[in-house]
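Structure, as structure tokens:
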Amino acid sequence: MDKSSFMQFKRRLGREVLNHPVISANPYTRWFRQGRATREQAQAFLVQFSVFSNEFLFAQLRKMVNADTLEEMRASKEILANEIGVGYRGRTRDDAELGSLVGTIEGGTFRFGAAHFELLLRMARPLNLTLAQLGKRRLGTPETLHFCDELMRLYGSEDYAVAEAASWAVENWAAAGFWDELVEGWKIFRTRRNLPGLNLAFFSWHARLEATHAQHTWDELESFCRERDVDEDAFIRNANEMLDGVHVFWKGLDEQRQRIVESGELAIAS
């Protein structure tokens with residue numbers, strides 16, 4: 001695909017994928033950013049997010065194993081290793097424990113405490129959630145598990161063209177600003193609930209990471225299209241199917257938080 005064809009494809013993606021409701025209008029994160037969650041709603045959210053966070057490791061491993069080229073395998077390995085605690089090694093060290101926001105795992109330092117799931121576990125402790133209550137597939141709601149299964153089917157597909165479409169969709173969802181909305185909501189929640197020990201590093205670090213990834217995502221897609229004969233219709237279909245799976249996850253969370261009542265306090269559903 002030449003430069004002109006890629007620009008036309010990019011415009012199609014803007015029209016046919018990037019206006020997906022999970023990117024443009026996520027009702028759960030719009031509500032959560034207000035910081036009005038009850039303690040029980042916050043706990044329920046962390047449990048489901050922890051299930052997704054752990055299940056993502058399996059999908060990322062499959063994407064790495066199913067890569068068509070060494071470069072693609074290494075790109076997937078970078079993400080997987082960072083997830084389990086290897087910091088990126090870059091020009092600047094943005095965090096003493098987590099490393100750099102950009103760079104490579106080559107020569108990076110492994111720290112147990114830098115694993116993304118351990119950041120989530122650290123955050124959950126002030127909410128009285130333990131390791132046994134987090135991250136296990138059996139704890140997932142049907143909506144969360146549907147999302148995780150779609151990650152395995154699409155993001156971890158043996159057909160790398162399918163995996164690339166799903167990966168591109170996930171990256172654009174992640175870069176659309178929902179992390180910032182969650183950070184904003186958690187900060188208000190921490191103040192309202194008087195939980196100064198609530199460590200927000202899991203969410204704040206991801207918000208900072210994704211802010212650096214937006215242009216890289218497009219550059220990576222352009223490289224992919226330059227090296228292959230891309231079926232645009234199939235790419236768009238697979239990207240939207242992945243976002244449909246993401247949407248089921250957030251809709252499940254939105255329905256769950258509206259059902260939850262804590263200590264006689266009616267959960268705010270607006």
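Here, A, B, ... name the chains of the structure tokens in the order displayed, residue numbers run from 1 inside each chain, and ligands are numbered from 1 in the same displayed order.
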
For Gly135 of chain A, please output as a PyMOL selection string all residues within 12 Å (counting only C-alpha atoms; exclusion window: fewer than 4 positions along the same chain). chain A and resi 44-57+116-118+120-121+124+129-131+139-141+144-145+148

Please identify all polymer residues within 9 Å of His247 of chain A, counting only C-alpha atoms, omitting same-chain residues fewer than 5 positions from it, and present them as a list in words. His20, Pro21, Val22, Ile23, Asn26, Phe147, Met242 and Gly252 of chain A

Quick one: residues within 9 Å of segment 205-219 of chain A, only C-alpha atoms counted, chain neighbours fewer than 5 positions away excluded, as a PyMOL selection string? chain A and resi 10+98+101-102+168+171-172+174-180+182-183+200+224

Residue selection dump (N, CA and C atoms) as a compact mmCIF listing (two decimals), in the first residue's frame:
```txt
# COMPACT_ATOMS: atom_id res chain seq x y z
N LYS A 10 -6.74 5.48 6.01
CA LYS A 10 -6.79 6.17 7.30
C LYS A 10 -8.09 6.95 7.45
N LEU A 98 9.10 2.21 37.83
CA LEU A 98 8.49 1.75 36.59
C LEU A 98 9.33 2.02 35.35
N LEU A 101 8.70 6.05 30.08
CA LEU A 101 7.43 5.95 29.37
C LEU A 101 7.62 5.42 27.95
N VAL A 102 8.77 5.69 27.37
CA VAL A 102 9.09 5.20 26.03
C VAL A 102 10.48 4.58 26.07
N TRP A 168 -4.61 -2.71 16.80
CA TRP A 168 -4.78 -1.30 16.44
C TRP A 168 -6.03 -0.73 17.10
N GLU A 171 -5.40 -0.25 20.86
CA GLU A 171 -4.53 0.90 21.12
C GLU A 171 -5.30 2.21 20.97
N ASN A 172 -6.18 2.29 19.98
CA ASN A 172 -6.96 3.52 19.80
C ASN A 172 -7.99 3.70 20.89
N ALA A 174 -7.48 2.64 23.95
CA ALA A 174 -6.67 3.01 25.12
C ALA A 174 -6.20 4.46 25.05
N ALA A 175 -6.01 4.97 23.82
CA ALA A 175 -5.50 6.33 23.66
C ALA A 175 -6.61 7.38 23.60
N ALA A 176 -7.86 6.93 23.72
CA ALA A 176 -8.99 7.85 23.53
C ALA A 176 -9.31 8.69 24.77
N GLY A 177 -8.62 8.46 25.88
CA GLY A 177 -8.80 9.30 27.05
C GLY A 177 -9.50 8.66 28.23
N PHE A 178 -9.89 7.39 28.12
CA PHE A 178 -10.63 6.80 29.24
C PHE A 178 -9.75 6.66 30.48
N TRP A 179 -8.44 6.47 30.30
CA TRP A 179 -7.55 6.38 31.46
C TRP A 179 -7.59 7.69 32.26
N ASP A 180 -7.59 8.82 31.56
CA ASP A 180 -7.64 10.11 32.25
C ASP A 180 -8.94 10.26 33.04
N LEU A 182 -10.69 7.85 34.36
CA LEU A 182 -10.61 6.99 35.55
C LEU A 182 -9.72 7.62 36.61
N VAL A 183 -8.59 8.18 36.21
CA VAL A 183 -7.70 8.83 37.17
C VAL A 183 -8.42 9.97 37.88
N LEU A 200 -2.65 5.27 43.23
CA LEU A 200 -3.27 5.34 41.91
C LEU A 200 -2.29 5.06 40.77
N PHE A 224 2.85 -1.61 8.72
CA PHE A 224 2.17 -2.88 8.46
C PHE A 224 1.54 -2.88 7.06
```

Counting only C-alpha atoms, the option among A:Arg226, A:Lys187, A:Arg89, A:Arg193 closest to Phe32 of chain A: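 Among the listed residues, the smallest separation from Phe32 of chain A belongs to A:Lys187.
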
A:Ile84, A:Ala42, A:Ala115, A:Ala165 ranked by distance to Glu97 of chain A, top pick (using only C-alpha atoms): A:Ala115

DSSP on the backbone, then: every residue of segment 142-205 of chain A marked helix (DSSP H, G or I), written as a PyMOL selection string. chain A and resi 142-155+160-174+178-192+201-205

Looking at A:Thr38, A:Asn240, A:Asn128, A:Ser5, which one is nearest to Gly185 of chain A, with distances taken over only C-alpha atoms?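 Answer, going by the shortest atom-to-atom distance: A:Thr38.
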
Which of these, A:Gln8, A:Ser76, A:Gln133, A:Thr191, has the shortest distance to Gln43 of chain A once you count only C-alpha atoms?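 Among the listed residues, the smallest separation from Gln43 of chain A belongs to A:Gln133.
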
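Across A:Leu13, A:Leu243, A:Met7, A:Val86, the tightest approach to Tyr155 of chain A is made by A:Leu243 when counting only C-alpha atoms.
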
Give the answer as one residue: which of A:Lys251, A:Arg137, A:Arg237, A:Arg228 has the shortest atom-to-atom distance to Asp2 of chain A, using only C-alpha atoms?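 Nearest candidate to Asp2 of chain A out of A:Lys251, A:Arg137, A:Arg237, A:Arg228: A:Arg228.
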
Write out as a PDB file with N, CA and C atoms, in the first residue's frame the residues lying within 8 Å of Ala161 of chain A, counting only C-alpha atoms and excluding same-chain residues fewer than 3 positions away.
```pdb
ATOM      1  N   GLU A 164      -3.462  -7.840  14.127  1.00  0.00           N
ATOM      2  CA  GLU A 164      -3.035  -6.451  13.942  1.00  0.00           C
ATOM      3  C   GLU A 164      -4.231  -5.503  13.975  1.00  0.00           C
ATOM      4  N   ALA A 165      -5.332  -5.902  13.345  1.00  0.00           N
ATOM      5  CA  ALA A 165      -6.533  -5.068  13.370  1.00  0.00           C
ATOM      6  C   ALA A 165      -7.051  -4.913  14.795  1.00  0.00           C
ATOM      7  N   VAL A 230      -3.092  -5.442   2.294  1.00  0.00           N
ATOM      8  CA  VAL A 230      -4.093  -5.422   3.362  1.00  0.00           C
ATOM      9  C   VAL A 230      -5.508  -5.426   2.785  1.00  0.00           C
ATOM     10  N   PHE A 235      -9.985  -5.764   7.691  1.00  0.00           N
ATOM     11  CA  PHE A 235      -9.335  -5.043   8.795  1.00  0.00           C
ATOM     12  C   PHE A 235     -10.369  -4.258   9.587  1.00  0.00           C
TER      13      PHE A 235
END
```

Work out how far apart atom CA of Asp149 of chain A and atom CA of Phe202 of chain A are and give it in Å to one decimal. 23.1 Å

Shell around Ala96 of chain A at 10 Å using only C-alpha atoms, local window under 4 positions removed, as an MDAnalysis selection string: chainID A and resid 87 100 114

12 Å contact set for Leu61 of chain A, only C-alpha atoms, chain neighbours under 4 positions out, as a list in words: Asn54, Glu55, Phe56, Leu57, Val65, Asn66, Ala67, Met73, Arg74, Ala75, Ser76, Lys77, Glu78, Ile79, Leu80, Ala81, Glu83, Ile84, Leu151, Met152, Tyr155, Gly156, Ser157, Glu158 and Ala163 of chain A

Can I get the selection written as a tab-separated table (two decimals), in the first residue's frame, with N, CA and C atoms?
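Full text of again_2.tsv as output:
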```tsv
chain	number	residue	atom	x	y	z
A	54	ASN	N	-5.24	-9.51	34.01
A	54	ASN	CA	-4.54	-10.79	34.01
A	54	ASN	C	-4.81	-11.59	32.74
A	55	GLU	N	-6.05	-11.59	32.27
A	55	GLU	CA	-6.39	-12.34	31.07
A	55	GLU	C	-5.70	-11.75	29.84
A	56	PHE	N	-5.43	-10.45	29.87
A	56	PHE	CA	-4.74	-9.81	28.75
A	56	PHE	C	-3.36	-10.43	28.52
A	57	LEU	N	-2.73	-10.91	29.59
A	57	LEU	CA	-1.40	-11.52	29.45
A	57	LEU	C	-1.45	-12.73	28.52
A	65	VAL	N	3.47	-15.24	20.08
A	65	VAL	CA	3.74	-16.56	19.50
A	65	VAL	C	3.31	-16.62	18.03
A	66	ASN	N	2.22	-15.94	17.69
A	66	ASN	CA	1.66	-16.01	16.34
A	66	ASN	C	2.22	-14.96	15.39
A	67	ALA	N	3.23	-14.22	15.80
A	67	ALA	CA	3.81	-13.18	14.95
A	67	ALA	C	4.38	-13.78	13.66
A	73	MET	N	7.28	-10.16	16.60
A	73	MET	CA	7.41	-10.94	17.83
A	73	MET	C	8.04	-10.11	18.93
A	74	ARG	N	9.08	-9.36	18.57
A	74	ARG	CA	9.75	-8.53	19.57
A	74	ARG	C	8.87	-7.39	20.05
A	75	ALA	N	8.07	-6.82	19.16
A	75	ALA	CA	7.16	-5.74	19.56
A	75	ALA	C	6.15	-6.26	20.58
A	76	SER	N	5.64	-7.46	20.35
A	76	SER	CA	4.71	-8.05	21.31
A	76	SER	C	5.41	-8.41	22.61
A	77	LYS	N	6.64	-8.86	22.50
A	77	LYS	CA	7.41	-9.23	23.68
A	77	LYS	C	7.69	-8.01	24.56
A	78	GLU	N	7.89	-6.86	23.92
A	78	GLU	CA	8.10	-5.62	24.67
A	78	GLU	C	6.92	-5.35	25.60
A	79	ILE	N	5.70	-5.48	25.04
A	79	ILE	CA	4.49	-5.20	25.81
A	79	ILE	C	4.32	-6.22	26.92
A	80	LEU	N	4.51	-7.49	26.59
A	80	LEU	CA	4.33	-8.55	27.59
A	80	LEU	C	5.32	-8.41	28.73
A	81	ALA	N	6.58	-8.18	28.41
A	81	ALA	CA	7.60	-8.06	29.45
A	81	ALA	C	7.34	-6.85	30.34
A	83	GLU	N	4.41	-5.58	30.97
A	83	GLU	CA	3.26	-5.93	31.80
A	83	GLU	C	3.67	-6.70	33.05
A	84	ILE	N	4.67	-7.58	32.93
A	84	ILE	CA	5.05	-8.43	34.06
A	84	ILE	C	6.18	-7.84	34.90
A	151	LEU	N	-10.57	-10.97	23.15
A	151	LEU	CA	-9.14	-10.67	23.07
A	151	LEU	C	-8.36	-11.89	22.60
A	152	MET	N	-8.66	-13.04	23.15
A	152	MET	CA	-7.97	-14.27	22.75
A	152	MET	C	-8.28	-14.60	21.29
A	155	TYR	N	-7.29	-10.53	19.13
A	155	TYR	CA	-5.97	-9.98	19.43
A	155	TYR	C	-4.91	-11.08	19.39
A	156	GLY	N	-5.28	-12.28	19.83
A	156	GLY	CA	-4.35	-13.40	19.83
A	156	GLY	C	-4.53	-14.35	18.67
A	157	SER	N	-5.16	-13.89	17.60
A	157	SER	CA	-5.47	-14.75	16.46
A	157	SER	C	-4.21	-15.31	15.81
A	158	GLU	N	-4.34	-16.54	15.27
A	158	GLU	CA	-3.24	-17.12	14.50
A	158	GLU	C	-3.05	-16.41	13.17
A	163	ALA	N	-5.00	-10.17	14.14
A	163	ALA	CA	-4.40	-9.69	15.38
A	163	ALA	C	-3.98	-8.23	15.28
```

I need the strand (DSSP E or B) residues of segment 36-262 of chain A per DSSP on the backbone, written as JSON, numbers by chain. {"A": [86, 88, 89, 95, 99, 100, 104, 110, 261, 262]}
